[in-house]
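K.L.:
Sharing run.pdb (PDB, C-alpha atoms) below.
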ATOM      1  CA  MET A   1     -84.975  11.913 174.176
ATOM      2  CA  LYS A   2     -87.879   9.664 175.204
ATOM      3  CA  LYS A   3     -89.055  12.281 177.732
ATOM      4  CA  ALA A   4     -88.904  15.008 175.066
ATOM      5  CA  PHE A   5     -90.914  12.829 172.692
ATOM      6  CA  GLN A   6     -93.558  12.144 175.349
ATOM      7  CA  LYS A   7     -93.790  15.863 176.182
ATOM      8  CA  THR A   8     -94.193  16.730 172.495
ATOM      9  CA  LEU A   9     -96.836  14.024 172.098
ATOM     10  CA  GLU A  10     -98.704  15.518 175.048
ATOM     11  CA  THR A  11     -98.618  18.987 173.464
ATOM     12  CA  LEU A  12     -99.804  17.439 170.182
ATOM     13  CA  LYS A  13    -102.657  15.664 171.978
ATOM     14  CA  ILE A  14    -103.783  18.954 173.536
ATOM     15  CA  SER A  15    -103.289  21.194 170.485
ATOM     16  CA  LEU A  16    -104.482  19.091 167.555
ATOM     17  CA  PRO A  17    -108.135  18.588 168.628
ATOM     18  CA  ILE A  18    -108.361  22.352 169.367
ATOM     19  CA  ILE A  19    -106.934  23.257 165.943
ATOM     20  CA  ILE A  20    -109.256  20.796 164.171
ATOM     21  CA  GLY A  21    -112.245  22.083 166.184
ATOM     22  CA  ILE A  22    -111.392  25.702 165.382
ATOM     23  CA  LEU A  23    -111.005  24.954 161.657
ATOM     24  CA  MET A  24    -114.398  23.191 161.698
ATOM     25  CA  LEU A  25    -115.986  26.126 163.530
ATOM     26  CA  ILE A  26    -114.524  28.731 161.185
ATOM     27  CA  SER A  27    -115.400  26.741 158.066
ATOM     28  CA  ILE A  28    -119.062  26.658 159.056
ATOM     29  CA  ILE A  29    -119.348  30.158 160.563
ATOM     30  CA  ASN A  30    -117.418  32.191 157.985
ATOM     31  CA  PRO A  31    -119.827  31.674 155.060
ATOM     32  CA  LEU A  32    -122.633  32.947 157.320
ATOM     33  CA  PHE A  33    -120.859  36.068 158.546
ATOM     34  CA  GLU A  34    -118.324  37.021 155.857
ATOM     35  CA  LYS A  35    -120.702  39.519 154.249
ATOM     36  CA  TYR A  36    -120.874  41.460 157.532
ATOM     37  CA  TYR A  37    -117.097  41.688 158.073
ATOM     38  CA  PRO A  38    -116.534  44.714 155.796
ATOM     39  CA  LYS A  39    -119.306  46.581 157.668
ATOM     40  CA  ILE A  40    -117.913  45.756 161.127
ATOM     41  CA  PHE A  41    -114.203  46.067 160.330
ATOM     42  CA  THR A  42    -113.825  49.336 158.483
ATOM     43  CA  GLY A  43    -110.097  49.812 159.066
ATOM     44  CA  ASN A  44    -110.690  52.269 161.923
ATOM     45  CA  TYR A  45    -107.470  52.504 163.954
ATOM     46  CA  PHE A  46    -109.261  52.294 167.284
ATOM     47  CA  ILE A  47    -112.523  50.389 166.769
ATOM     48  CA  ASP A  48    -111.035  47.462 164.782
ATOM     49  CA  PRO A  49    -108.323  46.515 167.298
ATOM     50  CA  LEU A  50    -110.770  47.126 170.155
ATOM     51  CA  ILE A  51    -113.212  44.572 168.704
ATOM     52  CA  GLY A  52    -110.311  42.182 168.016
ATOM     53  CA  ALA A  53    -108.928  42.544 171.553
ATOM     54  CA  VAL A  54    -112.346  42.004 173.159
ATOM     55  CA  ALA A  55    -112.880  38.857 171.062
ATOM     56  CA  GLY A  56    -109.380  37.571 171.878
ATOM     57  CA  SER A  57    -109.733  38.270 175.604
ATOM     58  CA  ILE A  58    -112.618  35.879 176.053
ATOM     59  CA  SER A  59    -110.329  32.899 175.703
ATOM     60  CA  PHE A  60    -106.713  32.331 176.704
ATOM     61  CA  GLY A  61    -105.057  29.541 174.882
ATOM     62  CA  ILE A  62    -102.108  28.192 172.988
ATOM     63  CA  PRO A  63    -101.009  30.912 170.501
ATOM     64  CA  ILE A  64    -101.082  28.555 167.491
ATOM     65  CA  ALA A  65    -104.875  28.281 167.791
ATOM     66  CA  SER A  66    -105.206  32.067 167.549
ATOM     67  CA  TYR A  67    -102.933  32.210 164.465
ATOM     68  CA  VAL A  68    -105.131  29.664 162.696
ATOM     69  CA  THR A  69    -108.328  31.491 163.717
ATOM     70  CA  GLY A  70    -106.916  34.940 162.903
ATOM     71  CA  GLY A  71    -105.362  33.794 159.626
ATOM     72  CA  GLU A  72    -108.608  32.266 158.403
ATOM     73  CA  LEU A  73    -110.598  35.360 159.460
ATOM     74  CA  LEU A  74    -108.090  37.548 157.618
ATOM     75  CA  LYS A  75    -108.623  35.504 154.430
ATOM     76  CA  GLU A  76    -112.371  36.130 154.767
ATOM     77  CA  GLY A  77    -112.005  39.903 154.995
ATOM     78  CA  VAL A  78    -111.511  40.781 158.671
ATOM     79  CA  SER A  79    -109.016  43.647 158.932
ATOM     80  CA  LEU A  80    -105.369  42.952 159.865
ATOM     81  CA  LEU A  81    -105.684  45.494 162.704
ATOM     82  CA  ALA A  82    -108.485  43.514 164.326
ATOM     83  CA  VAL A  83    -106.807  40.157 163.723
ATOM     84  CA  THR A  84    -103.507  41.390 165.200
ATOM     85  CA  ALA A  85    -105.192  42.610 168.394
ATOM     86  CA  PHE A  86    -107.148  39.360 168.487
ATOM     87  CA  ILE A  87    -104.086  37.085 168.402
ATOM     88  CA  LEU A  88    -102.277  39.239 170.959
ATOM     89  CA  ALA A  89    -105.182  39.296 173.408
ATOM     90  CA  TRP A  90    -105.838  35.580 172.888
ATOM     91  CA  SER A  91    -102.547  34.537 174.430
ATOM     92  CA  THR A  92    -102.001  37.335 176.955
ATOM     93  CA  VAL A  93    -105.479  38.255 178.269
ATOM     94  CA  GLY A  94    -107.684  35.535 179.699
ATOM     95  CA  VAL A  95    -111.053  36.426 181.178
ATOM     96  CA  MET A  96    -112.087  32.742 181.298
ATOM     97  CA  PHE A  97    -108.921  31.802 183.183
ATOM     98  CA  MET A  98    -109.031  34.712 185.670
ATOM     99  CA  PRO A  99    -110.159  32.499 188.591
ATOM    100  CA  LEU A 100    -107.194  30.161 187.958
ATOM    101  CA  GLU A 101    -104.783  33.109 187.664
ATOM    102  CA  ILE A 102    -106.200  34.742 190.819
ATOM    103  CA  SER A 103    -105.906  31.519 192.824
ATOM    104  CA  ASN A 104    -102.264  31.058 191.778
ATOM    105  CA  LEU A 105    -100.920  34.605 191.486
ATOM    106  CA  GLY A 106    -103.330  36.815 193.432
ATOM    107  CA  LYS A 107    -106.264  39.108 192.580
ATOM    108  CA  LYS A 108    -104.324  42.368 192.264
ATOM    109  CA  PHE A 109    -101.748  40.836 189.931
ATOM    110  CA  ALA A 110    -104.369  39.129 187.737
ATOM    111  CA  ILE A 111    -106.548  42.234 187.315
ATOM    112  CA  TRP A 112    -103.644  44.597 186.641
ATOM    113  CA  ARG A 113    -101.833  42.215 184.285
ATOM    114  CA  ASN A 114    -104.914  41.434 182.223
ATOM    115  CA  SER A 115    -105.896  45.118 181.968
ATOM    116  CA  LEU A 116    -102.354  46.093 180.991
ATOM    117  CA  ASN A 117    -102.102  43.340 178.362
ATOM    118  CA  PHE A 118    -105.516  44.258 176.952
ATOM    119  CA  ILE A 119    -104.368  47.846 176.377
ATOM    120  CA  SER A 120    -100.978  46.627 175.083
ATOM    121  CA  SER A 121    -102.631  44.337 172.525
ATOM    122  CA  ILE A 122    -104.471  47.329 171.023
ATOM    123  CA  ILE A 123    -101.354  49.538 171.024
ATOM    124  CA  ILE A 124     -99.108  46.783 169.560
ATOM    125  CA  ALA A 125    -101.683  46.069 166.839
ATOM    126  CA  ILE A 126    -101.768  49.745 165.823
ATOM    127  CA  LEU A 127     -97.957  50.092 165.963
ATOM    128  CA  THR A 128     -97.449  46.889 163.966
ATOM    129  CA  ILE A 129     -99.757  47.990 161.149
ATOM    130  CA  ILE A 130     -98.269  51.504 161.044
ATOM    131  CA  THR A 131     -94.712  50.073 160.997
ATOM    132  CA  LEU A 132     -95.601  47.637 158.204
ATOM    133  CA  LYS A 133     -97.128  50.482 156.187
ATOM    134  CA  ILE A 134     -93.911  52.484 156.579
ATOM    135  CA  ILE A 135     -91.418  49.721 155.783
ATOM    136  CA  LEU A 136     -93.301  47.881 153.010
TER     137      LEU A 136
ATOM    138  CA  MET B 137    -120.762   6.701 178.342
ATOM    139  CA  ILE B 138    -121.441  10.158 179.865
ATOM    140  CA  ASP B 139    -118.681   9.553 182.401
ATOM    141  CA  LYS B 140    -116.268   8.703 179.575
ATOM    142  CA  ILE B 141    -117.167  11.920 177.724
ATOM    143  CA  LYS B 142    -116.771  13.951 180.939
ATOM    144  CA  LYS B 143    -113.248  12.572 181.358
ATOM    145  CA  LEU B 144    -112.181  13.666 177.855
ATOM    146  CA  PRO B 145    -109.807  16.671 177.572
ATOM    147  CA  GLY B 146    -111.461  20.028 176.829
ATOM    148  CA  GLY B 147    -109.993  20.205 173.305
ATOM    149  CA  VAL B 148    -111.384  16.786 172.361
ATOM    150  CA  LYS B 149    -114.807  17.766 173.748
ATOM    151  CA  PHE B 150    -114.692  20.943 171.650
ATOM    152  CA  MET B 151    -113.754  18.982 168.494
ATOM    153  CA  LEU B 152    -116.525  16.418 169.107
ATOM    154  CA  SER B 153    -119.077  19.164 169.755
ATOM    155  CA  MET B 154    -118.160  20.690 166.376
ATOM    156  CA  ALA B 155    -118.689  17.295 164.718
ATOM    157  CA  VAL B 156    -122.137  17.163 166.361
ATOM    158  CA  VAL B 157    -122.898  20.679 165.031
ATOM    159  CA  TYR B 158    -122.021  19.489 161.506
ATOM    160  CA  LEU B 159    -124.191  16.371 161.910
ATOM    161  CA  ILE B 160    -127.190  18.399 163.091
ATOM    162  CA  ALA B 161    -126.686  21.102 160.448
ATOM    163  CA  ILE B 162    -126.667  18.493 157.662
ATOM    164  CA  PHE B 163    -130.409  18.005 158.258
ATOM    165  CA  VAL B 164    -130.992  21.737 157.795
ATOM    166  CA  ASP B 165    -128.853  22.431 154.704
ATOM    167  CA  LYS B 166    -126.898  19.492 153.305
ATOM    168  CA  SER B 167    -125.075  21.355 150.482
ATOM    169  CA  PHE B 168    -123.978  24.168 152.850
ATOM    170  CA  VAL B 169    -122.554  21.679 155.358
ATOM    171  CA  LEU B 170    -120.781  19.677 152.641
ATOM    172  CA  SER B 171    -119.214  22.837 151.223
ATOM    173  CA  SER B 172    -118.116  23.907 154.746
ATOM    174  CA  PHE B 173    -116.675  20.439 155.378
ATOM    175  CA  ASN B 174    -114.756  20.537 152.086
ATOM    176  CA  LYS B 175    -113.352  23.931 153.062
ATOM    177  CA  PHE B 176    -112.326  22.509 156.468
ATOM    178  CA  VAL B 177    -110.548  19.491 154.906
ATOM    179  CA  GLN B 178    -108.811  21.721 152.332
ATOM    180  CA  THR B 179    -107.542  24.130 155.026
ATOM    181  CA  LEU B 180    -106.401  21.262 157.238
ATOM    182  CA  ILE B 181    -104.438  19.669 154.353
ATOM    183  CA  GLU B 182    -102.796  23.039 153.592
ATOM    184  CA  LEU B 183    -101.837  23.441 157.227
ATOM    185  CA  LEU B 184    -100.519  19.918 157.850
ATOM    186  CA  PRO B 185     -96.907  20.447 156.625
ATOM    187  CA  ILE B 186     -96.639  23.554 158.838
ATOM    188  CA  LEU B 187     -97.973  21.611 161.822
ATOM    189  CA  VAL B 188     -95.398  18.860 161.246
ATOM    190  CA  LEU B 189     -92.702  21.561 161.295
ATOM    191  CA  VAL B 190     -94.177  23.104 164.463
ATOM    192  CA  PHE B 191     -94.172  19.857 166.391
ATOM    193  CA  GLY B 192     -90.689  19.056 165.092
ATOM    194  CA  VAL B 193     -89.435  22.321 166.590
ATOM    195  CA  ILE B 194     -91.290  21.644 169.867
ATOM    196  CA  PHE B 195     -89.584  18.235 170.021
ATOM    197  CA  ILE B 196     -86.126  19.774 169.498
ATOM    198  CA  VAL B 197     -86.817  22.458 172.143
ATOM    199  CA  ASN B 198     -88.006  19.762 174.579
ATOM    200  CA  ILE B 199     -84.749  17.840 174.091
ATOM    201  CA  PHE B 200     -82.610  20.830 175.091
ATOM    202  CA  LEU B 201     -84.864  22.721 177.534
ATOM    203  CA  ASN B 202     -84.691  21.820 181.161
ATOM    204  CA  PRO B 203     -87.409  23.651 183.163
ATOM    205  CA  GLU B 204     -85.260  23.282 186.281
ATOM    206  CA  THR B 205     -82.661  25.603 184.717
ATOM    207  CA  ILE B 206     -85.345  28.208 184.060
ATOM    208  CA  LYS B 207     -86.661  27.826 187.635
ATOM    209  CA  LYS B 208     -83.164  28.337 189.075
ATOM    210  CA  HIS B 209     -82.792  31.732 187.380
ATOM    211  CA  LEU B 210     -86.110  33.345 188.245
ATOM    212  CA  GLY B 211     -85.730  34.068 191.949
ATOM    213  CA  HIS B 212     -86.059  37.504 193.583
ATOM    214  CA  ASP B 213     -82.310  38.037 193.423
ATOM    215  CA  SER B 214     -82.101  37.113 189.754
ATOM    216  CA  GLY B 215     -81.340  40.662 188.505
ATOM    217  CA  LEU B 216     -80.987  41.268 184.778
ATOM    218  CA  LYS B 217     -80.430  37.563 184.155
ATOM    219  CA  GLY B 218     -83.910  36.925 185.553
ATOM    220  CA  TRP B 219     -85.481  39.138 182.869
ATOM    221  CA  PHE B 220     -83.579  37.220 180.231
ATOM    222  CA  TYR B 221     -84.590  33.819 181.601
ATOM    223  CA  ALA B 222     -88.233  34.893 182.044
ATOM    224  CA  SER B 223     -88.324  35.849 178.355
ATOM    225  CA  LEU B 224     -86.479  32.695 177.355
ATOM    226  CA  GLY B 225     -88.729  30.464 179.454
ATOM    227  CA  SER B 226     -91.872  32.076 178.059
ATOM    228  CA  VAL B 227     -90.622  31.755 174.496
ATOM    229  CA  LEU B 228     -89.588  28.123 174.882
ATOM    230  CA  ILE B 229     -92.161  26.598 177.218
ATOM    231  CA  VAL B 230     -95.199  25.541 175.201
ATOM    232  CA  SER B 231     -98.028  24.885 177.631
ATOM    233  CA  PRO B 232    -101.739  25.606 177.979
ATOM    234  CA  PRO B 233    -102.915  28.154 180.615
ATOM    235  CA  TYR B 234    -104.008  25.501 183.087
ATOM    236  CA  VAL B 235    -100.375  24.345 183.206
ATOM    237  CA  ILE B 236     -98.760  27.814 183.088
ATOM    238  CA  PHE B 237    -100.620  29.438 186.019
ATOM    239  CA  PRO B 238     -99.953  26.627 188.500
ATOM    240  CA  LEU B 239     -96.314  26.556 187.286
ATOM    241  CA  LEU B 240     -95.962  30.307 187.906
ATOM    242  CA  GLY B 241     -97.737  29.915 191.258
ATOM    243  CA  GLN B 242     -95.106  27.349 192.198
ATOM    244  CA  LEU B 243     -92.291  29.627 190.977
ATOM    245  CA  LYS B 244     -93.778  32.517 192.992
ATOM    246  CA  LYS B 245     -93.427  30.403 196.133
ATOM    247  CA  HIS B 246     -89.745  29.999 195.201
ATOM    248  CA  GLY B 247     -89.337  33.787 195.047
ATOM    249  CA  MET B 248     -90.097  34.641 191.415
ATOM    250  CA  LYS B 249     -90.754  38.365 190.983
ATOM    251  CA  TYR B 250     -94.154  39.646 189.839
ATOM    252  CA  SER B 251     -92.401  41.676 187.142
ATOM    253  CA  LEU B 252     -90.816  38.506 185.737
ATOM    254  CA  MET B 253     -94.174  36.735 185.813
ATOM    255  CA  ALA B 254     -95.635  39.592 183.757
ATOM    256  CA  VAL B 255     -92.746  39.300 181.278
ATOM    257  CA  PHE B 256     -93.262  35.543 181.116
ATOM    258  CA  LEU B 257     -96.990  35.883 180.384
ATOM    259  CA  GLY B 258     -96.531  38.773 177.943
ATOM    260  CA  ASN B 259     -94.110  36.952 175.659
ATOM    261  CA  ARG B 260     -96.232  33.914 174.881
ATOM    262  CA  ASN B 261     -96.765  34.984 171.278
ATOM    263  CA  VAL B 262     -93.081  34.828 170.396
ATOM    264  CA  GLN B 263     -92.702  31.061 170.541
ATOM    265  CA  PRO B 264     -90.324  29.845 167.791
ATOM    266  CA  ALA B 265     -92.246  26.593 167.569
ATOM    267  CA  PHE B 266     -95.412  28.416 166.491
ATOM    268  CA  LEU B 267     -93.817  31.120 164.354
ATOM    269  CA  PRO B 268     -93.966  29.043 161.115
ATOM    270  CA  VAL B 269     -97.765  29.146 161.390
ATOM    271  CA  MET B 270     -97.676  32.928 161.902
ATOM    272  CA  VAL B 271     -95.378  33.324 158.888
ATOM    273  CA  TYR B 272     -97.660  31.055 156.831
ATOM    274  CA  TYR B 273    -100.726  33.203 157.542
ATOM    275  CA  PHE B 274     -99.296  36.710 157.979
ATOM    276  CA  GLY B 275     -95.898  36.756 156.272
ATOM    277  CA  LEU B 276     -92.345  37.207 157.535
ATOM    278  CA  PRO B 277     -92.303  41.049 157.871
ATOM    279  CA  PHE B 278     -95.436  40.962 160.046
ATOM    280  CA  THR B 279     -93.968  38.181 162.219
ATOM    281  CA  VAL B 280     -90.685  40.042 162.747
ATOM    282  CA  VAL B 281     -92.327  43.416 163.497
ATOM    283  CA  ILE B 282     -94.930  42.063 165.907
ATOM    284  CA  SER B 283     -92.343  39.890 167.703
ATOM    285  CA  VAL B 284     -90.122  42.928 168.338
ATOM    286  CA  TYR B 285     -93.065  44.944 169.712
ATOM    287  CA  ILE B 286     -94.194  42.035 171.903
ATOM    288  CA  LEU B 287     -90.724  41.716 173.436
ATOM    289  CA  ILE B 288     -90.526  45.481 174.083
ATOM    290  CA  PHE B 289     -94.024  45.661 175.581
ATOM    291  CA  SER B 290     -93.496  42.583 177.752
ATOM    292  CA  VAL B 291     -90.531  44.301 179.397
ATOM    293  CA  LEU B 292     -92.573  47.522 179.843
ATOM    294  CA  SER B 293     -95.400  45.510 181.321
ATOM    295  CA  GLY B 294     -92.919  43.801 183.665
ATOM    296  CA  ILE B 295     -91.644  47.193 184.866
ATOM    297  CA  VAL B 296     -95.186  48.512 185.458
ATOM    298  CA  MET B 297     -96.263  45.311 187.236
ATOM    299  CA  GLY B 298     -93.157  45.466 189.429
ATOM    300  CA  ARG B 299     -94.147  48.997 190.508
ATOM    301  CA  VAL B 300     -97.822  48.135 190.957
ATOM    302  CA  MET B 301     -97.075  45.092 193.092
ATOM    303  CA  GLU B 302     -94.536  47.100 195.139
ATOM    304  CA  GLU B 303     -91.860  44.547 194.416
ATOM    305  CA  ASN B 304     -89.204  46.184 196.574
ATOM    306  CA  ASP B 305     -91.325  45.599 199.660
ATOM    307  CA  LEU B 306     -91.899  42.034 198.558
ATOM    308  CA  VAL B 307     -88.184  41.413 198.155
ATOM    309  CA  LYS B 308     -87.494  42.833 201.595
ATOM    310  CA  MET B 309     -90.190  40.610 203.078
ATOM    311  CA  ALA B 310     -88.925  37.467 201.326
TER     312      ALA B 310
END
Written as structure tokens, that's how I'd like the structure from this file.
P.N.:
Amino acid sequence: MKKAFQKTLETLKISLPIIIGILMLISIINPLFEKYYPKIFTGNYFIDPLIGAVAGSISFGIPIASYVTGGELLKEGVSLLAVTAFILAWSTVGVMFMPLEISNLGKKFAIWRNSLNFISSIIIAILTIITLKIIL
Amino acid sequence: MIDKIKKLPGGVKFMLSMAVVYLIAIFVDKSFVLSSFNKFVQTLIELLPILVLVFGVIFIVNIFLNPETIKKHLGHDSGLKGWFYASLGSVLIVSPPYVIFPLLGQLKKHGMKYSLMAVFLGNRNVQPAFLPVMVYYFGLPFTVVISVYILIFSVLSGIVMGRVMEENDLVKMA
């Protein structure tokens, strides 16, 4: 029980400053860029998720941080397609962490896995939105 | 002082750098910064109950999850069970990348398949602990649909990675 509490506290210590930092960043950036979002994210089934996946690939972090970022961007007018690809790429594609992945798992694995997950994040985003449109 | 800052975790450095941005920006446009700060505080207050729930779930998972059990079931002779445990481990283990890659590197040395590593890394979005936040922002139908697709695609990605890395040869060599 004590070990579980310590582990949770450690996760909290890592996650909370990131979440607070992201909320601060979004709160100051969104008012500057929100007017451009409708021009960039037009609802195009290929371009929107592509932009989202590229943005998400730059980092590779704890998924909760991407949900907060994506959710706030969605509120400000970024398309769901782009946000979906963004949150998927955030936690499965990591350009910044490639050296760490290569050193632990090998170059071939890292390059193939990241490329595959980048493509998957676009496909899953498109499929998710289409499915939601059908069932809702 | 600089040494102390250097020793801080990356997330804390990021949060402090954002505070510095706010402090500098206040000299440029005070009302804009105050309005942004109000928005930040409002969003954080809205999110707090969800975060309490998230860390409650992480605590419960940590009580019951023993990483050694996951390790035991991910070897090269793990078969179908291995795919199940790779998915389960990925879904339940909440860790940042700088913990996950060394952990997988260690598991690889113990015979973990490349395909299972791909499954493990592909499923990171379906973590029950974080799902309340996803539901809060995107709704339940979205969360269910995307989770199903993630699980399906992680298995597909595992199959492709197994082929690409010529896993059969690897198993023979091991």
K.L.:
Mind checking which residues fall within 12 Å of Glu10 of chain A, counting all atoms listed in the file, ignoring those fewer than 6 positions away in the same chain, and posting them as a compact mmCIF listing (two decimals) with C-alpha atoms, in the coordinates of the input?
P.N.:
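Produced file out24.txt, reproduced below:
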# COMPACT_ATOMS: atom_id res chain seq x y z
CA LYS A 3 -89.06 12.28 177.73
CA ALA A 4 -88.90 15.01 175.07
CA LEU A 16 -104.48 19.09 167.56
CA PRO A 17 -108.14 18.59 168.63
CA PRO B 145 -109.81 16.67 177.57
CA PHE B 191 -94.17 19.86 166.39
CA ILE B 194 -91.29 21.64 169.87
CA PHE B 195 -89.58 18.24 170.02
CA ASN B 198 -88.01 19.76 174.58
CA VAL B 230 -95.20 25.54 175.20
CA SER B 231 -98.03 24.88 177.63
CA PRO B 232 -101.74 25.61 177.98
K.L.:
Please identify all polymer residues within 12 Å of Leu276 of chain B, counting only C-alpha atoms, omitting same-chain residues fewer than 6 positions from it, and present them as a PyMOL selection string.
P.N.:
(chain A and resi 132+136) or (chain B and resi 267-270+282-283)
K.L.:
Those selected residues, please, written with C-alpha atoms and delivered as a PDB file, in the coordinates of the input.
P.N.:
ATOM      1  CA  LEU A 132     -95.601  47.637 158.204  1.00  0.00           C
ATOM      2  CA  LEU A 136     -93.301  47.881 153.010  1.00  0.00           C
TER       3      LEU A 136
ATOM      4  CA  LEU B 267     -93.817  31.120 164.354  1.00  0.00           C
ATOM      5  CA  PRO B 268     -93.966  29.043 161.115  1.00  0.00           C
ATOM      6  CA  VAL B 269     -97.765  29.146 161.390  1.00  0.00           C
ATOM      7  CA  MET B 270     -97.676  32.928 161.902  1.00  0.00           C
ATOM      8  CA  ILE B 282     -94.930  42.063 165.907  1.00  0.00           C
ATOM      9  CA  SER B 283     -92.343  39.890 167.703  1.00  0.00           C
TER      10      SER B 283
END
K.L.:
Which distance in Å separates atom CA of Ile186 of chain B and atom CA of Phe86 of chain A, to one decimal?
P.N.:
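So the answer is 21.3 Å.
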K.L.:
Would you translate the PyMOL selection byres ((chain A and resi 110-126) around 6) into the concrete set of residues it matches in this file, as a PyMOL selection string?
P.N.:
chain A and resi 49+81+84-85+88-89+93+102+107-109+127-129
K.L.:
Which residues match the PyMOL selection byres ((chain B) within 6 of (chain A)) in the file above, as a list in words?
P.N.:
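Residues picked by the PyMOL selection byres ((chain B) within 6 of (chain A)): Gly147, Val148, Met151, Ser172, Phe176, Phe195, Asn198, Ile199, Pro232, Phe237, Pro238, Gly241, Gly258, Asn261, Phe266, Met270, Tyr273 and Ile282 of chain B.
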K.L.:
Using Å and a single decimal, report how far atom CA of Val255 of chain B sits from atom CA of Ser290 of chain B.
P.N.:
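Separating atom CA of Ser290 of chain B from atom CA of Val255 of chain B is a distance of 4.9 Å.
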K.L.:
List the neighbours of Leu287 of chain B out to 12 Å using only C-alpha atoms; skip same-chain residues closer than 6 positions along the sequence, and give me the result as a ChimeraX atom specification.
P.N.:
/A:120,124 /B:219-220,222-224,226-227,254-263,280-281,293-294
K.L.:
What separation in Å, quoted to one decimal, exists between atom CA of Gly52 of chain A and atom CA of Val83 of chain A?
P.N.:
5.9 Å
K.L.:
To test your reading of the syntax: which residues would the PyMOL selection byres ((chain B and resi 298) around 12) return for the file shown? Reply as a ChimeraX atom specification.
P.N.:
/A:108-109,112-113 /B:212,219,248-255,291-297,299-307
